[in-house]
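Everything below belongs to input.tsv, which stores TSV, C-alpha atoms and all ligand atoms.
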chain	number	residue	atom	x	y	z
F	1	MET	CA	218.85	-42.40	-120.52
F	2	GLY	CA	221.22	-43.98	-118.07
F	3	GLU	CA	224.67	-42.78	-117.03
F	4	ASP	CA	227.17	-42.07	-119.81
F	5	LYS	CA	229.08	-45.12	-120.93
F	6	ARG	CA	231.62	-45.92	-123.57
F	7	ILE	CA	231.37	-49.50	-124.82
F	8	GLY	CA	233.44	-51.51	-127.25
F	9	VAL	CA	232.23	-54.07	-129.76
F	10	LEU	CA	234.35	-56.58	-131.66
F	11	THR	CA	233.83	-59.55	-133.96
F	12	SER	CA	236.05	-62.57	-133.48
F	13	GLY	CA	236.63	-65.92	-135.20
F	14	GLY	CA	235.47	-66.83	-138.70
F	15	ASP	CA	233.17	-64.29	-140.30
F	16	CYS	CA	229.58	-65.07	-141.29
F	17	ALA	CA	226.51	-63.29	-142.55
F	18	GLY	CA	224.73	-61.42	-139.78
F	19	LEU	CA	227.71	-59.83	-138.01
F	20	ASN	CA	227.10	-56.41	-139.51
F	21	PRO	CA	223.41	-56.42	-138.55
F	22	VAL	CA	224.45	-57.20	-134.93
F	23	ILE	CA	226.86	-54.24	-134.94
F	24	ARG	CA	224.05	-52.05	-136.30
F	25	ALA	CA	221.64	-53.21	-133.57
F	26	VAL	CA	224.22	-52.62	-130.83
F	27	VAL	CA	224.80	-49.07	-132.09
F	28	HIS	CA	221.08	-48.29	-132.34
F	29	ARG	CA	220.36	-49.50	-128.82
F	30	ALA	CA	223.46	-48.10	-127.13
F	31	ILE	CA	223.36	-44.68	-128.75
F	32	GLY	CA	219.66	-44.36	-129.64
F	33	THR	CA	218.27	-45.56	-126.33
F	34	TYR	CA	221.01	-44.90	-123.79
F	35	GLY	CA	223.05	-42.11	-125.39
F	36	TRP	CA	226.30	-43.98	-124.92
F	37	GLU	CA	229.39	-43.96	-127.10
F	38	VAL	CA	230.29	-47.06	-129.12
F	39	LEU	CA	233.80	-47.92	-130.29
F	40	GLY	CA	234.23	-50.64	-132.90
F	41	ILE	CA	237.43	-52.60	-132.31
F	42	CYS	CA	239.07	-53.74	-135.53
F	43	ARG	CA	240.19	-57.31	-136.27
F	44	SER	CA	239.09	-58.67	-132.92
F	45	THR	CA	241.66	-58.46	-130.12
F	46	LEU	CA	244.38	-57.64	-132.69
F	47	GLY	CA	242.98	-54.10	-132.75
F	48	LEU	CA	243.85	-53.74	-129.07
F	49	MET	CA	247.42	-54.96	-129.54
F	50	THR	CA	248.55	-52.10	-131.75
F	51	ASP	CA	249.73	-48.63	-130.81
F	52	PRO	CA	247.61	-46.66	-131.45
F	53	PRO	CA	244.73	-49.12	-131.06
F	54	GLN	CA	242.68	-49.85	-134.18
F	55	VAL	CA	239.25	-48.62	-133.24
F	56	MET	CA	236.48	-46.68	-134.97
F	57	LYS	CA	233.76	-44.57	-133.43
F	58	LEU	CA	230.44	-45.98	-134.60
F	59	GLU	CA	227.71	-43.45	-135.35
F	60	ILE	CA	224.00	-44.15	-135.48
F	61	ASP	CA	223.47	-42.35	-138.79
F	62	LYS	CA	226.17	-44.41	-140.51
F	63	VAL	CA	225.27	-47.98	-139.55
F	64	ASP	CA	222.00	-48.57	-141.40
F	65	PRO	CA	223.65	-49.89	-144.60
F	66	LEU	CA	225.13	-52.68	-142.43
F	67	LEU	CA	221.74	-54.44	-142.32
F	68	THR	CA	222.20	-56.06	-145.71
F	69	MET	CA	225.97	-56.46	-145.75
F	70	GLY	CA	227.75	-59.79	-145.31
F	71	GLY	CA	231.04	-60.09	-143.42
F	72	THR	CA	232.04	-57.63	-140.71
F	73	VAL	CA	233.07	-54.01	-141.20
F	74	LEU	CA	235.22	-54.38	-138.09
F	75	GLY	CA	237.26	-57.20	-139.59
F	76	THR	CA	238.01	-60.36	-137.64
F	77	THR	CA	240.53	-63.13	-137.17
F	78	ASN	CA	240.38	-66.78	-136.25
F	79	LYS	CA	244.09	-66.89	-135.50
F	80	GLY	CA	246.35	-65.42	-132.87
F	81	ASP	CA	245.22	-66.58	-129.43
F	82	PRO	CA	246.50	-63.65	-127.30
F	83	PHE	CA	247.60	-66.06	-124.58
F	84	ALA	CA	249.90	-67.87	-127.03
F	85	PHE	CA	250.39	-65.35	-129.79
F	86	PRO	CA	252.60	-66.44	-132.72
F	87	MET	CA	255.39	-63.84	-132.93
F	88	GLY	CA	256.58	-64.64	-136.44
F	89	ASP	CA	259.97	-65.95	-135.28
F	90	GLY	CA	258.46	-69.28	-134.29
F	91	THR	CA	257.94	-68.29	-130.65
F	92	LEU	CA	254.64	-67.81	-128.82
F	93	ARG	CA	254.07	-64.94	-126.40
F	94	ASP	CA	251.33	-64.16	-123.89
F	95	ARG	CA	250.05	-60.74	-125.06
F	96	SER	CA	246.90	-60.69	-122.94
F	97	GLU	CA	248.08	-57.79	-120.74
F	98	GLU	CA	248.49	-55.53	-123.79
F	99	ILE	CA	244.83	-56.03	-124.67
F	100	ILE	CA	243.67	-55.47	-121.11
F	101	THR	CA	245.77	-52.32	-120.74
F	102	THR	CA	244.42	-50.87	-123.99
F	103	TYR	CA	240.82	-51.69	-123.00
F	104	HIS	CA	241.28	-49.63	-119.82
F	105	GLN	CA	243.23	-46.85	-121.56
F	106	LEU	CA	240.35	-46.42	-124.01
F	107	GLY	CA	238.09	-45.83	-121.02
F	108	LEU	CA	235.74	-48.66	-121.98
F	109	ASP	CA	233.04	-49.52	-119.47
F	110	ALA	CA	232.10	-52.78	-121.17
F	111	LEU	CA	232.83	-54.94	-124.18
F	112	ILE	CA	230.48	-56.85	-126.46
F	113	GLY	CA	232.28	-59.80	-128.03
F	114	ILE	CA	230.60	-61.47	-131.00
F	115	GLY	CA	232.16	-64.88	-131.49
F	116	GLY	CA	231.91	-68.66	-131.51
F	117	ASP	CA	232.78	-70.93	-128.60
F	118	GLY	CA	236.55	-70.60	-129.06
F	119	SER	CA	236.48	-66.79	-129.25
F	120	LEU	CA	234.09	-66.49	-126.33
F	121	ALA	CA	236.37	-68.69	-124.22
F	122	ILE	CA	239.39	-66.48	-125.00
F	123	LEU	CA	237.46	-63.25	-124.38
F	124	ARG	CA	236.16	-64.58	-121.08
F	125	LYS	CA	239.67	-65.49	-119.95
F	126	LEU	CA	240.80	-61.94	-120.80
F	127	ALA	CA	237.78	-60.48	-119.00
F	128	GLN	CA	238.46	-62.46	-115.85
F	129	GLN	CA	242.14	-61.61	-115.83
F	130	GLY	CA	241.69	-57.91	-116.59
F	131	GLY	CA	238.39	-56.85	-115.07
F	132	ILE	CA	236.71	-56.44	-118.46
F	133	ASN	CA	232.92	-56.20	-118.31
F	134	LEU	CA	232.12	-58.69	-121.05
F	135	VAL	CA	228.85	-59.65	-122.72
F	136	GLY	CA	228.92	-62.28	-125.48
F	137	ILE	CA	226.86	-62.77	-128.62
F	138	PRO	CA	227.09	-66.20	-130.30
F	139	LYS	CA	227.87	-66.38	-134.00
F	140	THR	CA	228.94	-69.29	-136.15
F	141	ILE	CA	227.64	-70.97	-139.27
F	142	ASP	CA	228.38	-74.25	-137.44
F	143	ASN	CA	225.60	-73.52	-134.88
F	144	ASP	CA	227.56	-75.42	-132.26
F	145	VAL	CA	227.60	-72.95	-129.34
F	146	GLY	CA	225.94	-74.48	-126.29
F	147	CYS	CA	222.66	-73.24	-124.78
F	148	THR	CA	221.45	-71.50	-127.95
F	149	GLU	CA	219.25	-73.00	-130.63
F	150	ARG	CA	220.62	-70.50	-133.10
F	151	SER	CA	223.84	-68.59	-133.60
F	152	ILE	CA	224.24	-65.67	-135.98
F	153	GLY	CA	225.18	-66.84	-139.49
F	154	PHE	CA	223.73	-70.33	-139.35
F	155	ASP	CA	220.46	-69.57	-141.14
F	156	THR	CA	222.15	-67.79	-144.04
F	157	ALA	CA	224.59	-70.70	-144.43
F	158	VAL	CA	221.70	-73.19	-144.48
F	159	ASN	CA	219.91	-71.11	-147.11
F	160	ILE	CA	223.03	-71.05	-149.31
F	161	ALA	CA	223.51	-74.81	-148.99
F	162	THR	CA	219.82	-75.37	-149.73
F	163	GLU	CA	220.04	-73.28	-152.86
F	164	ALA	CA	223.09	-75.26	-153.93
F	165	LEU	CA	221.10	-78.49	-153.56
F	166	ASP	CA	218.23	-76.99	-155.57
F	167	ARG	CA	220.64	-76.24	-158.38
F	168	LEU	CA	222.34	-79.62	-158.20
F	169	HIS	CA	219.02	-81.43	-158.62
F	170	PHE	CA	218.62	-80.30	-162.22
F	171	THR	CA	222.09	-81.18	-163.38
F	172	ALA	CA	222.01	-84.47	-161.45
F	173	ALA	CA	218.76	-85.48	-163.15
F	174	SER	CA	219.96	-84.36	-166.58
F	175	HIS	CA	223.10	-86.53	-166.40
F	176	SER	CA	221.80	-89.40	-164.24
F	177	ARG	CA	224.52	-88.74	-161.67
F	178	VAL	CA	225.07	-89.03	-157.96
F	179	MET	CA	225.83	-85.49	-156.85
F	180	ILE	CA	227.69	-84.98	-153.59
F	181	LEU	CA	227.66	-81.62	-151.82
F	182	GLU	CA	230.27	-81.17	-149.08
F	183	VAL	CA	229.38	-78.48	-146.55
F	184	MET	CA	231.13	-76.87	-143.59
F	185	GLY	CA	230.16	-77.18	-139.95
F	186	ARG	CA	233.29	-78.42	-138.20
F	187	ASP	CA	232.36	-81.31	-135.92
F	188	ALA	CA	228.64	-80.54	-136.00
F	189	GLY	CA	226.26	-81.68	-138.73
F	190	HIS	CA	223.66	-78.92	-138.36
F	191	ILE	CA	224.21	-77.34	-141.80
F	192	ALA	CA	224.05	-80.69	-143.61
F	193	LEU	CA	220.99	-81.86	-141.67
F	194	ASN	CA	219.01	-78.65	-142.08
F	195	ALA	CA	219.94	-77.97	-145.70
F	196	GLY	CA	219.59	-81.65	-146.56
F	197	ILE	CA	215.97	-81.70	-145.46
F	198	ALA	CA	215.15	-78.27	-146.88
F	199	GLY	CA	216.88	-79.05	-150.18
F	200	GLY	CA	215.44	-82.53	-150.69
F	201	ALA	CA	218.65	-84.56	-150.35
F	202	ASP	CA	218.34	-88.33	-150.62
F	203	VAL	CA	221.30	-89.00	-148.34
F	204	ILE	CA	222.52	-86.86	-145.42
F	205	LEU	CA	225.79	-87.81	-143.75
F	206	ILE	CA	226.77	-86.03	-140.53
F	207	PRO	CA	229.59	-86.68	-138.03
F	208	GLU	CA	227.15	-87.56	-135.26
F	209	ILE	CA	225.66	-90.59	-137.07
F	210	SER	CA	227.96	-93.33	-138.37
F	211	TYR	CA	227.26	-94.69	-141.82
F	212	THR	CA	228.17	-97.53	-144.11
F	213	LEU	CA	228.82	-97.23	-147.82
F	214	GLU	CA	226.60	-100.24	-148.31
F	215	ASN	CA	223.65	-98.33	-146.83
F	216	VAL	CA	224.35	-95.33	-149.05
F	217	CYS	CA	224.64	-97.51	-152.15
F	218	ARG	CA	221.45	-99.34	-151.22
F	219	LYS	CA	219.62	-96.02	-151.25
F	220	ILE	CA	221.02	-95.27	-154.71
F	221	ARG	CA	219.91	-98.68	-155.98
F	222	GLU	CA	216.45	-98.27	-154.43
F	223	ARG	CA	216.00	-95.01	-156.24
F	224	GLN	CA	217.17	-96.57	-159.50
F	225	ALA	CA	214.62	-99.36	-159.01
F	226	GLN	CA	211.94	-96.68	-158.62
F	227	GLY	CA	212.99	-95.18	-161.95
F	228	LYS	CA	214.83	-92.25	-160.34
F	229	ASN	CA	218.10	-91.99	-162.19
F	230	PHE	CA	219.92	-89.60	-159.88
F	231	CYS	CA	220.74	-89.13	-156.22
F	232	ILE	CA	221.66	-86.13	-154.09
F	233	VAL	CA	224.05	-86.61	-151.16
F	234	ILE	CA	225.00	-83.89	-148.66
F	235	VAL	CA	227.93	-84.54	-146.35
F	236	SER	CA	229.48	-82.55	-143.50
F	237	GLU	CA	233.19	-81.81	-143.78
F	238	ALA	CA	234.03	-83.69	-140.55
F	239	VAL	CA	232.39	-86.98	-141.57
F	240	CYS	CA	235.04	-89.71	-141.42
F	241	THR	CA	235.75	-92.44	-143.92
F	242	GLU	CA	234.08	-95.77	-143.20
F	243	GLY	CA	237.37	-96.81	-141.62
F	244	GLY	CA	237.20	-93.87	-139.18
F	245	GLU	CA	239.77	-91.56	-140.77
F	246	MET	CA	239.02	-87.83	-140.76
F	247	ILE	CA	240.13	-86.29	-144.04
F	248	LYS	CA	242.14	-83.08	-143.71
F	249	ASN	CA	244.46	-81.09	-145.90
F	250	THR	CA	247.70	-79.71	-144.55
F	251	ASP	CA	249.28	-76.96	-146.64
F	252	ARG	CA	252.99	-76.22	-146.96
F	253	PHE	CA	252.77	-73.80	-144.00
F	254	GLY	CA	251.50	-76.57	-141.77
F	255	GLU	CA	247.92	-75.22	-141.65
F	256	CYS	CA	245.45	-78.07	-141.37
F	257	ARG	CA	241.85	-77.80	-142.60
F	258	LEU	CA	238.94	-80.19	-142.84
F	259	GLY	CA	237.84	-81.16	-146.32
F	260	GLY	CA	237.92	-83.94	-148.88
F	261	ILE	CA	235.33	-86.39	-147.59
F	262	GLY	CA	233.09	-85.50	-150.55
F	263	GLN	CA	235.72	-86.59	-153.08
F	264	HIS	CA	236.48	-89.71	-151.06
F	265	LEU	CA	232.80	-90.68	-151.03
F	266	ALA	CA	232.45	-89.95	-154.72
F	267	GLU	CA	235.17	-92.43	-155.56
F	268	GLU	CA	233.91	-95.08	-153.15
F	269	ILE	CA	230.30	-94.75	-154.32
F	270	ALA	CA	231.32	-94.90	-157.99
F	271	PHE	CA	233.42	-97.99	-157.28
F	272	SER	CA	230.73	-99.77	-155.24
F	273	SER	CA	227.60	-98.82	-157.18
F	274	GLY	CA	228.83	-98.12	-160.69
F	275	ALA	CA	227.07	-94.74	-160.57
F	276	GLU	CA	228.67	-91.69	-162.11
F	277	THR	CA	229.52	-89.23	-159.33
F	278	ARG	CA	230.47	-85.55	-159.07
F	279	VAL	CA	231.44	-83.44	-156.08
F	280	THR	CA	230.78	-79.82	-155.15
F	281	VAL	CA	232.60	-78.34	-152.18
F	282	LEU	CA	230.64	-75.29	-151.08
F	283	GLY	CA	233.39	-73.84	-148.88
F	284	HIS	CA	233.42	-70.21	-147.85
F	285	ILE	CA	230.46	-69.39	-150.08
F	286	GLN	CA	228.46	-70.50	-147.02
F	287	ARG	CA	229.94	-67.66	-144.99
F	288	GLY	CA	229.21	-64.87	-147.44
F	289	GLY	CA	226.21	-63.23	-148.92
F	290	ILE	CA	223.34	-61.09	-147.79
F	291	PRO	CA	222.19	-62.01	-144.26
F	292	SER	CA	218.86	-63.89	-144.30
F	293	SER	CA	215.83	-62.31	-142.64
F	294	LEU	CA	216.09	-64.76	-139.74
F	295	ASP	CA	219.75	-63.91	-139.16
F	296	ARG	CA	218.83	-60.23	-139.22
F	297	LEU	CA	216.04	-60.81	-136.70
F	298	ILE	CA	218.27	-62.72	-134.32
F	299	ALA	CA	221.04	-60.17	-134.80
F	300	ALA	CA	218.62	-57.41	-133.85
F	301	ALA	CA	217.33	-59.28	-130.81
F	302	PHE	CA	220.82	-60.26	-129.63
F	303	GLY	CA	222.27	-56.78	-130.17
F	304	VAL	CA	219.51	-55.07	-128.21
F	305	GLU	CA	219.66	-57.58	-125.35
F	306	ALA	CA	223.45	-57.42	-125.10
F	307	VAL	CA	223.29	-53.65	-124.62
F	308	ASP	CA	220.46	-54.01	-122.10
F	309	LEU	CA	222.59	-56.46	-120.10
F	310	ILE	CA	225.32	-53.82	-119.89
F	311	ALA	CA	222.73	-51.24	-118.82
F	312	ALA	CA	221.65	-53.64	-116.07
F	313	GLY	CA	225.27	-54.31	-115.04
F	314	LYS	CA	224.96	-58.03	-115.89
F	315	TYR	CA	228.31	-59.23	-117.21
F	316	ASP	CA	229.97	-62.53	-118.03
F	317	GLN	CA	226.74	-63.42	-119.82
F	318	VAL	CA	226.01	-64.53	-123.37
F	319	VAL	CA	222.70	-63.94	-125.10
F	320	THR	CA	221.02	-67.06	-126.45
F	321	TRP	CA	217.95	-68.03	-128.47
F	322	GLN	CA	215.68	-70.49	-126.68
F	323	ASN	CA	212.09	-71.18	-127.73
F	324	ARG	CA	211.98	-67.89	-129.65
F	325	GLN	CA	213.05	-65.95	-126.57
F	326	VAL	CA	216.34	-64.18	-125.98
F	327	VAL	CA	217.70	-65.60	-122.74
F	328	SER	CA	221.01	-64.63	-121.16
F	329	VAL	CA	223.12	-67.38	-119.62
F	330	PRO	CA	226.60	-67.39	-118.05
F	331	ILE	CA	229.26	-67.56	-120.77
F	332	ALA	CA	230.87	-70.47	-118.94
F	333	GLU	CA	227.68	-72.49	-119.32
F	334	ALA	CA	227.39	-71.85	-123.08
F	335	ILE	CA	231.02	-72.62	-123.90
F	336	GLY	CA	231.01	-75.61	-121.57
F	337	GLN	CA	228.48	-77.47	-123.70
F	338	TYR	CA	229.44	-78.26	-127.29
F	339	ARG	CA	226.22	-78.39	-129.29
F	340	ALA	CA	226.40	-81.22	-131.81
F	341	VAL	CA	223.36	-82.75	-133.53
F	342	ASP	CA	221.46	-84.90	-131.07
F	343	PRO	CA	220.73	-88.21	-132.87
F	344	HIS	CA	217.25	-88.04	-131.28
F	345	ASP	CA	216.67	-84.48	-132.50
F	346	THR	CA	213.33	-83.79	-134.10
F	347	LEU	CA	215.00	-83.00	-137.44
F	348	VAL	CA	216.78	-86.36	-137.41
F	349	LYS	CA	213.37	-88.00	-136.96
F	350	THR	CA	211.97	-85.77	-139.70
F	351	ALA	CA	214.71	-86.84	-142.12
F	352	ARG	CA	214.06	-90.49	-141.37
F	353	GLY	CA	210.32	-89.92	-141.73
F	354	LEU	CA	210.89	-88.56	-145.22
F	355	GLY	CA	212.84	-91.66	-146.18
F	356	ILE	CA	216.15	-89.79	-146.31
F	357	CYS	CA	219.09	-92.14	-145.79
F	358	LEU	CA	221.32	-91.08	-142.89
F	359	GLY	CA	223.75	-93.86	-143.68
F	360	ASP	CA	223.03	-95.97	-140.59
F	401	LIG	O1	233.80	-72.39	-137.84
F	401	LIG	C1	233.38	-71.85	-139.06
F	401	LIG	C2	234.06	-72.50	-140.21
F	401	LIG	O2	233.53	-71.96	-141.41
F	401	LIG	C3	234.00	-74.03	-140.25
F	401	LIG	O3	232.74	-74.50	-140.67
F	401	LIG	C4	235.15	-74.35	-141.16
F	401	LIG	O4	235.66	-75.64	-140.90
F	401	LIG	C5	236.17	-73.30	-140.77
F	401	LIG	O5	235.45	-72.23	-140.20
F	401	LIG	C6	236.97	-72.76	-141.93
F	401	LIG	O6	237.92	-71.86	-141.41
F	401	LIG	P1	238.84	-70.91	-142.29
F	401	LIG	O7	238.04	-69.68	-142.58
F	401	LIG	O8	240.00	-70.64	-141.43
F	401	LIG	O9	239.18	-71.64	-143.55
As a first step, turn the structure in this file into structure tokens.
Amino acid sequence: MGEDKRIGVLTSGGDCAGLNPVIRAVVHRAIGTYGWEVLGICRSTLGLMTDPPQVMKLEIDKVDPLLTMGGTVLGTTNKGDPFAFPMGDGTLRDRSEEIITTYHQLGLDALIGIGGDGSLAILRKLAQQGGINLVGIPKTIDNDVGCTERSIGFDTAVNIATEALDRLHFTAASHSRVMILEVMGRDAGHIALNAGIAGGADVILIPEISYTLENVCRKIRERQAQGKNFCIVIVSEAVCTEGGEMIKNTDRFGECRLGGIGQHLAEEIAFSSGAETRVTVLGHIQRGGIPSSLDRLIAAAFGVEAVDLIAAGKYDQVVTWQNRQVVSVPIAEAIGQYRAVDPHDTLVKTARGLGICLGD
């Protein structure tokens, strides 16, 4: 038992499977080992902008059901940068001091922020400005946070995409079709690459490797020549058209989201190869569901280490997964390195070794 502490924990950015198991691990370590108090902060920093603040005391005997639950019981947001907060009347206001004041009013000794690179950057800026003792835990299905081989949520997303490919195989073969699965990942192709290999895709297209339609169609023709009447293509949402255009949708509120490259490819492939094509856009299904065992393991390891860092008084650090070890690194280092797929990565070589077409 160390000295008494009161710590806060929040989830920030897009949700993913594995957030609840991290919260559970934090509570077990902080209360079970150190006897501290843990406050869950609701809806990320938004919970510190309200009066009264939206917080919940987390108890050790209540958190065990979190192990198998998707999403985050604390709620989250991927909008509303507190340094340029949209006020609803079209103006932006810096609300950072409100958050900092509430953090201190709550008597928090430290804060664990579970987020992707964008959230961690914002939390770090707040911490530096307001003397917040911050420890970060990386989460994102995109797996693009620097310095860590794995972020919470990635494994579950890959499993979901793999299962989708497994299902698409049967219907593709039954109808002699080219099936295209569009997956998330923002600018990184990790989900497509990992699920594509695990799910036996014939073509994997990721933003980090440029492709030509001719190469994709050649693969389809090769398979036809081998008597294989169908083809499975997985594509990351940020893959551009052959002409270099990134396909996005802007809604009537001006919100812009990636998506649509799957449909574009389907039309181009049908036109160029004569094959019948269909598209599945997996979307937010990749973010939901029961956390995989690997996500639960990493959540447990990250949660315990984050609390231990606070116990040791080591702040401005993020926990990372490197060679099956939890290693803490400065947050600035992790957010300073965007982690895209390295074209020389072992899995890229693996895909090529299996004869999977990467479009180049
Ligand atoms: O960063 C996670 C992610 O799921 C991306 O893969 C995707 O582009 C984006 O978030 C979707 O965001 P939203 O939940 O706002 O639609």
- Could you give me the residues within 7 Å of ligand LIG 401 (chain F), counting only C-alpha atoms and all ligand atoms, as a list in words?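 The residues near ligand LIG 401 (chain F) are Gly14, Asn78, Thr140, Ile141, Asp142, Met184, Gly185, Arg186, Arg257, Leu258, His284 and Arg287 of chain F.
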- Message: Could you check the closest approach to Ala238 of chain F for each of F:His190, F:Lys125, F:Arg167, F:Lys314 and tell me which residue wins, using only C-alpha atoms?
- Response: F:His190
- Message: Using only C-alpha atoms, which protein or nucleic acid residues come within 6 Å of Gly40 of chain F? Drop anything in the same chain fewer than 4 positions from it, and give the result as a ChimeraX atom specification.
- Response: /F:8-9,55-56
- Message: Considering all atoms listed in the file, can you say which of F:Ala172, F:Ala301, F:Ile160, F:Val73 comes closest to Arg278 of chain F?
- Response: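 Comparing F:Ala172, F:Ala301, F:Ile160, F:Val73 against Arg278 of chain F, the winner is F:Ala172.
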- Message: Using only C-alpha atoms - which residues lie no farther than 12 Å from the point (216.0, -90.5, -139.2) in the file's frame? Write them as a VMD selection string.
- Response: chain F and resid 193 197 202 to 206 209 342 to 360
As a short mmCIF file (atom, residue, chain, number, x, y, z; two decimals), in the coordinates of the input, could you write out segment 82-96 of chain F once it has been completed with N, CA, C and O atoms?
data_model
loop_
_atom_site.label_atom_id
_atom_site.label_comp_id
_atom_site.auth_asym_id
_atom_site.auth_seq_id
_atom_site.Cartn_x
_atom_site.Cartn_y
_atom_site.Cartn_z
N PRO F 82 245.62 -64.60 -127.99
CA PRO F 82 246.50 -63.65 -127.30
C PRO F 82 247.28 -64.27 -126.15
O PRO F 82 248.30 -63.71 -125.73
N PHE F 83 246.86 -65.41 -125.67
CA PHE F 83 247.60 -66.06 -124.58
C PHE F 83 248.79 -66.88 -125.11
O PHE F 83 249.65 -67.29 -124.34
N ALA F 84 248.78 -67.14 -126.40
CA ALA F 84 249.90 -67.87 -127.03
C ALA F 84 250.02 -67.32 -128.44
O ALA F 84 249.75 -68.00 -129.43
N PHE F 85 250.43 -66.07 -128.51
CA PHE F 85 250.39 -65.35 -129.79
C PHE F 85 251.63 -65.67 -130.62
O PHE F 85 252.77 -65.52 -130.13
N PRO F 86 251.44 -66.11 -131.87
CA PRO F 86 252.60 -66.44 -132.72
C PRO F 86 253.35 -65.17 -133.12
O PRO F 86 252.78 -64.27 -133.74
N MET F 87 254.62 -65.08 -132.76
CA MET F 87 255.39 -63.84 -132.93
C MET F 87 256.09 -63.73 -134.28
O MET F 87 256.76 -62.75 -134.56
N GLY F 88 255.97 -64.73 -135.12
CA GLY F 88 256.58 -64.64 -136.44
C GLY F 88 257.98 -65.21 -136.49
O GLY F 88 258.50 -65.50 -137.56
N ASP F 89 258.62 -65.35 -135.30
CA ASP F 89 259.97 -65.95 -135.28
C ASP F 89 259.88 -67.38 -134.73
O ASP F 89 260.86 -67.95 -134.29
N GLY F 90 258.65 -67.90 -134.76
CA GLY F 90 258.46 -69.28 -134.29
C GLY F 90 258.11 -69.37 -132.81
O GLY F 90 257.73 -70.43 -132.32
N THR F 91 258.25 -68.23 -132.08
CA THR F 91 257.94 -68.29 -130.65
C THR F 91 256.49 -67.85 -130.40
O THR F 91 255.87 -67.19 -131.24
N LEU F 92 255.99 -68.20 -129.25
CA LEU F 92 254.64 -67.81 -128.82
C LEU F 92 254.78 -66.91 -127.61
O LEU F 92 255.60 -67.17 -126.73
N ARG F 93 253.98 -65.84 -127.55
CA ARG F 93 254.07 -64.94 -126.40
C ARG F 93 252.68 -64.66 -125.84
O ARG F 93 251.71 -64.54 -126.60
N ASP F 94 252.59 -64.55 -124.54
CA ASP F 94 251.33 -64.16 -123.89
C ASP F 94 251.18 -62.64 -124.01
O ASP F 94 251.92 -61.88 -123.38
N ARG F 95 250.23 -62.19 -124.83
CA ARG F 95 250.05 -60.74 -125.06
C ARG F 95 248.75 -60.23 -124.43
O ARG F 95 248.24 -59.16 -124.78
N SER F 96 248.21 -61.04 -123.52
CA SER F 96 246.90 -60.69 -122.94
C SER F 96 246.92 -59.34 -122.22
O SER F 96 245.97 -58.56 -122.32
#
